[in-house]
Amino acid sequence: MTFEHIKQILKTKTVGIAGCGGLGSNCAVALARVGVGRLVVADFDLVQEGNLNRQFYFYDQIGMLKVAALKQNLFRINPDVRVNTFDIRLCQSDIIEIYGKCDVIVEAFDKPEMKYMILDAVHHYLPEKFLVMGVGMAGWGDNNLIKSRQSDKLIICGDEINAIADDCPPLAPRVGIVANMQANAVLEILLGTNEYQIHTEN
Amino acid sequence: MKIILNNKEEAFEGDQLTINELLQAKNFTFKMLVIKVNNQIVKKTEYDSVLVKNGDDVMVLHLISGG
């Protein structure tokens, strides 16, 4: 598939992103770059200096709503992308309403309780939707520990081991890897498997 | 019995296990768990009643902080 053909398909698609921190902001950037037509992003938080070690924001955006700053940044990359923003703390009914029409939903929350909340909502109320989750990305190194797996319409990206702790903070490289893995899984859902790509190691 | 646990075939003694027995057998002691049996989410309150049987497809996912 040529990039022109890929763009033709992707511009008709809508991807929902729940949370605009390290996973959500970086995943949104990757999807905007390849030409996904519409992104639906939600987050209640403001950009803080401590976010800049991994999240796709700039120093001069400190204090802005993350969804507003992200929309600005996405337009600077691709002015054709349509971005719907919701500056709310998502609950199950919001998720059903906001993401019910998306082709794929990306889970990009920080707290495990929120990860459970969206998984439960999508499983019970939007069972036809693919949900791409990020689980385990704190720290550095251990490239080969990061992986993805699938259970029906649920795709899990991450090492599934390394939670955030004082001495195991989330940092740009591993967070970016998982965010881009999630974007890559979204592409596979939207475009299908690339038959021109080599899929085995030898 | 043989089940598929997290996409891998695994064998267990006996012909059925409750979710809690399975978690004990595997030494899974995580707090924030999602468990699916044949693609149905099992609620925490059902861990002693829902049974895993030969041929079942079980997903155990440990939700941890970070995003």
# chains A, B, ... in the order shown; residues from 1 in each chain; ligands from 1

call {"tool": "closest_atom_pairs", "arguments": {"of": "chain A", "to": "chain B", "cutoff": "9 Å", "atoms": "only C-alpha atoms", "output": "JSON lines"}}
result
{"residue": "A:Gly19", "atom": "CA", "partner": "B:Gly67", "partner_atom": "CA", "distance": 8.1}
{"residue": "A:Cys20", "atom": "CA", "partner": "B:Gly67", "partner_atom": "CA", "distance": 8.6}
{"residue": "A:Gly21", "atom": "CA", "partner": "B:Gly67", "partner_atom": "CA", "distance": 6.2}
{"residue": "A:Gly22", "atom": "CA", "partner": "B:Gly67", "partner_atom": "CA", "distance": 5.6}
{"residue": "A:Leu23", "atom": "CA", "partner": "B:Gly67", "partner_atom": "CA", "distance": 5.2}
{"residue": "A:Gly24", "atom": "CA", "partner": "B:Gly67", "partner_atom": "CA", "distance": 7.6}
{"residue": "A:Glu107", "atom": "CA", "partner": "B:Gly67", "partner_atom": "CA", "distance": 8.7}
{"residue": "A:Ala108", "atom": "CA", "partner": "B:Gly67", "partner_atom": "CA", "distance": 5.5}
{"residue": "A:Phe109", "atom": "CA", "partner": "B:Gly67", "partner_atom": "CA", "distance": 5.2}
{"residue": "A:Asp110", "atom": "CA", "partner": "B:Gly67", "partner_atom": "CA", "distance": 4.1}
{"residue": "A:Lys111", "atom": "CA", "partner": "B:Ser65", "partner_atom": "CA", "distance": 4.9}
{"residue": "A:Pro112", "atom": "CA", "partner": "B:Ile64", "partner_atom": "CA", "distance": 5.2}
{"residue": "A:Glu113", "atom": "CA", "partner": "B:Met32", "partner_atom": "CA", "distance": 7.6}
{"residue": "A:Lys115", "atom": "CA", "partner": "B:Leu63", "partner_atom": "CA", "distance": 7.1}
{"residue": "A:Tyr116", "atom": "CA", "partner": "B:Leu63", "partner_atom": "CA", "distance": 7.3}
{"residue": "A:Leu119", "atom": "CA", "partner": "B:Val34", "partner_atom": "CA", "distance": 8.9}
{"residue": "A:Asp120", "atom": "CA", "partner": "B:Ile41", "partner_atom": "CA", "distance": 8.0}
{"residue": "A:His123", "atom": "CA", "partner": "B:Ile41", "partner_atom": "CA", "distance": 8.0}
{"residue": "A:His124", "atom": "CA", "partner": "B:Ile41", "partner_atom": "CA", "distance": 8.9}
{"residue": "A:Gly134", "atom": "CA", "partner": "B:Gly67", "partner_atom": "CA", "distance": 6.9}
{"residue": "A:Val135", "atom": "CA", "partner": "B:Ile64", "partner_atom": "CA", "distance": 6.3}
{"residue": "A:Gly136", "atom": "CA", "partner": "B:Ile64", "partner_atom": "CA", "distance": 6.4}
{"residue": "A:Met137", "atom": "CA", "partner": "B:Gly66", "partner_atom": "CA", "distance": 6.5}
{"residue": "A:Ala138", "atom": "CA", "partner": "B:Gly66", "partner_atom": "CA", "distance": 6.5}
{"residue": "A:Arg149", "atom": "CA", "partner": "B:Asn7", "partner_atom": "CA", "distance": 8.4}
{"residue": "A:Gln150", "atom": "CA", "partner": "B:Asn7", "partner_atom": "CA", "distance": 8.5}
{"residue": "A:Ser151", "atom": "CA", "partner": "B:Met59", "partner_atom": "CA", "distance": 7.3}
{"residue": "A:Asp152", "atom": "CA", "partner": "B:Asn39", "partner_atom": "CA", "distance": 7.1}
{"residue": "A:Ile156", "atom": "CA", "partner": "B:Leu61", "partner_atom": "CA", "distance": 8.9}
{"residue": "A:Glu160", "atom": "CA", "partner": "B:His62", "partner_atom": "CA", "distance": 6.8}
{"residue": "A:Ile161", "atom": "CA", "partner": "B:Ile64", "partner_atom": "CA", "distance": 7.5}
{"residue": "A:Asn162", "atom": "CA", "partner": "B:Ile64", "partner_atom": "CA", "distance": 7.5}
{"residue": "A:Ala163", "atom": "CA", "partner": "B:Ser65", "partner_atom": "CA", "distance": 5.0}
{"residue": "A:Ile164", "atom": "CA", "partner": "B:Ser65", "partner_atom": "CA", "distance": 5.7}
{"residue": "A:Ala165", "atom": "CA", "partner": "B:Ser65", "partner_atom": "CA", "distance": 8.8}
{"residue": "A:Pro169", "atom": "CA", "partner": "B:Gly66", "partner_atom": "CA", "distance": 8.8}
{"residue": "A:Pro170", "atom": "CA", "partner": "B:Gly66", "partner_atom": "CA", "distance": 6.9}
{"residue": "A:Val175", "atom": "CA", "partner": "B:Gly67", "partner_atom": "CA", "distance": 7.3}
{"residue": "A:Ala179", "atom": "CA", "partner": "B:Gly67", "partner_atom": "CA", "distance": 8.6}

call {"tool": "residues_around", "arguments": {"residues": "Gln92 in chain A", "least_positions_apart": "3", "cutoff": "9 Å", "atoms": "only C-alpha atoms", "output": "JSON, numbers by chain"}}
result
{"A": [95, 96, 97, 117, 118, 120, 121, 122]}

call {"tool": "select_by_dssp", "arguments": {"residues": "range 32-187 of chain A", "states": "alpha helix (DSSP H)", "output": "PyMOL selection string"}}
result
chain A and resi 32-34+66-77+92-99+112-125+172-187

call {"tool": "select_by_dssp", "arguments": {"residues": "chain B", "states": "strand (DSSP E)", "output": "list of chain:residue names"}}
result
B:Lys2, B:Ile3, B:Ile4, B:Leu5, B:Lys8, B:Glu9, B:Glu10, B:Ala11, B:Gln16, B:Leu17, B:Thr18, B:Leu33, B:Val34, B:Ile35, B:Lys36, B:Val37, B:Gln40, B:Ile41, B:Leu51, B:Val52, B:Lys53, B:Asp57, B:Val58, B:Met59, B:Val60, B:Leu61, B:His62

call {"tool": "atom_distance", "arguments": {"atom1": "CA of Asn84 in chain A", "atom2": "CA of Val40 in chain A"}}
result
4.7 Å

call {"tool": "residues_around", "arguments": {"residues": "range 49-54 of chain B", "least_positions_apart": "6", "cutoff": "7 Å", "atoms": "only C-alpha atoms", "output": "PyMOL selection string"}}
result
chain B and resi 1-3+15-19

call {"tool": "atom_distance", "arguments": {"atom1": "CA of Asp45 in chain A", "atom2": "CA of Val67 in chain A"}}
result
8.2 Å

call {"tool": "residues_around", "arguments": {"residues": "Ile4 in chain B", "least_positions_apart": "4", "cutoff": "7 Å", "atoms": "only C-alpha atoms", "output": "number ranges by chain"}}
result
B: 8-10, 55-58

call {"tool": "atom_distance", "arguments": {"atom1": "CA of Ala185 in chain A", "atom2": "CA of Ile155 in chain A"}}
result
7.7 Å

call {"tool": "residues_around", "arguments": {"residues": "range 21-24 of chain B", "least_positions_apart": "6", "cutoff": "10 Å", "atoms": "only C-alpha atoms", "output": "NGL selection string"}}
result
:B and (12 or 30 or 47-48 or 51-52 or 60)

call {"tool": "write_last_selection", "arguments": {"atoms": "C-alpha atoms", "output": "PDB file, in the first residue's frame"}}
result
ATOM      1  CA  PHE B  12      -3.340 -28.069  35.817  1.00  0.00           C
ATOM      2  CA  PHE B  30      -1.721  -8.644  42.196  1.00  0.00           C
ATOM      3  CA  TYR B  47     -13.616 -15.379  41.879  1.00  0.00           C
ATOM      4  CA  ASP B  48     -14.767 -18.180  44.222  1.00  0.00           C
ATOM      5  CA  LEU B  51     -15.007 -22.217  37.324  1.00  0.00           C
ATOM      6  CA  VAL B  52     -12.236 -22.675  34.794  1.00  0.00           C
ATOM      7  CA  VAL B  60      -5.164 -12.489  33.407  1.00  0.00           C
TER       8      VAL B  60
END

call {"tool": "residues_around", "arguments": {"residues": "Gln61 in chain A", "least_positions_apart": "2", "cutoff": "10 Å", "atoms": "only C-alpha atoms", "output": "PyMOL selection string"}}
result
chain A and resi 46-49+52+57-59+63-66+68-70+72

call {"tool": "closest_residue", "arguments": {"among": "A:Ile189, A:Ile177, A:Val34, A:Leu74", "to": "Asn144 in chain A", "atoms": "only C-alpha atoms"}}
result
A:Ile177

call {"tool": "residues_around", "arguments": {"residues": "Gly35 in chain A", "least_positions_apart": "3", "cutoff": "8 Å", "atoms": "only C-alpha atoms", "output": "PyMOL selection string"}}
result
chain A and resi 7+10-11+31-32+78+80-81

call {"tool": "write_last_selection", "arguments": {"atoms": "N, CA, C and O atoms", "output": "PDB file, in the first residue's frame"}}
result
ATOM      1  N   LYS A   7      -3.222   7.135   3.323  1.00  0.00           N
ATOM      2  CA  LYS A   7      -3.856   8.389   3.760  1.00  0.00           C
ATOM      3  C   LYS A   7      -5.331   8.450   3.369  1.00  0.00           C
ATOM      4  O   LYS A   7      -6.162   8.955   4.117  1.00  0.00           O
ATOM      5  N   LEU A  10      -7.095   6.338   5.947  1.00  0.00           N
ATOM      6  CA  LEU A  10      -7.044   6.872   7.315  1.00  0.00           C
ATOM      7  C   LEU A  10      -7.839   8.159   7.474  1.00  0.00           C
ATOM      8  O   LEU A  10      -8.362   8.443   8.548  1.00  0.00           O
ATOM      9  N   LYS A  11      -7.962   8.955   6.383  1.00  0.00           N
ATOM     10  CA  LYS A  11      -8.649  10.237   6.568  1.00  0.00           C
ATOM     11  C   LYS A  11     -10.143  10.062   6.833  1.00  0.00           C
ATOM     12  O   LYS A  11     -10.802  10.987   7.304  1.00  0.00           O
ATOM     13  N   LEU A  31      -0.575   9.395  15.189  1.00  0.00           N
ATOM     14  CA  LEU A  31      -1.762   9.185  14.362  1.00  0.00           C
ATOM     15  C   LEU A  31      -2.055  10.404  13.487  1.00  0.00           C
ATOM     16  O   LEU A  31      -2.511  10.267  12.345  1.00  0.00           O
ATOM     17  N   ALA A  32      -1.774  11.601  13.999  1.00  0.00           N
ATOM     18  CA  ALA A  32      -1.943  12.818  13.190  1.00  0.00           C
ATOM     19  C   ALA A  32      -0.927  12.838  12.045  1.00  0.00           C
ATOM     20  O   ALA A  32      -1.247  13.219  10.917  1.00  0.00           O
ATOM     21  N   ASN A  78      -0.129  18.622  11.323  1.00  0.00           N
ATOM     22  CA  ASN A  78      -1.035  18.282  10.228  1.00  0.00           C
ATOM     23  C   ASN A  78      -2.321  19.111  10.329  1.00  0.00           C
ATOM     24  O   ASN A  78      -3.221  18.777  11.099  1.00  0.00           O
ATOM     25  N   ASP A  80      -4.772  19.300   8.555  1.00  0.00           N
ATOM     26  CA  ASP A  80      -6.001  18.650   8.075  1.00  0.00           C
ATOM     27  C   ASP A  80      -6.678  17.782   9.131  1.00  0.00           C
ATOM     28  O   ASP A  80      -7.823  17.374   8.962  1.00  0.00           O
ATOM     29  N   VAL A  81      -5.961  17.454  10.213  1.00  0.00           N
ATOM     30  CA  VAL A  81      -6.563  16.569  11.206  1.00  0.00           C
ATOM     31  C   VAL A  81      -7.659  17.342  11.964  1.00  0.00           C
ATOM     32  O   VAL A  81      -7.512  18.531  12.275  1.00  0.00           O
TER      33      VAL A  81
END
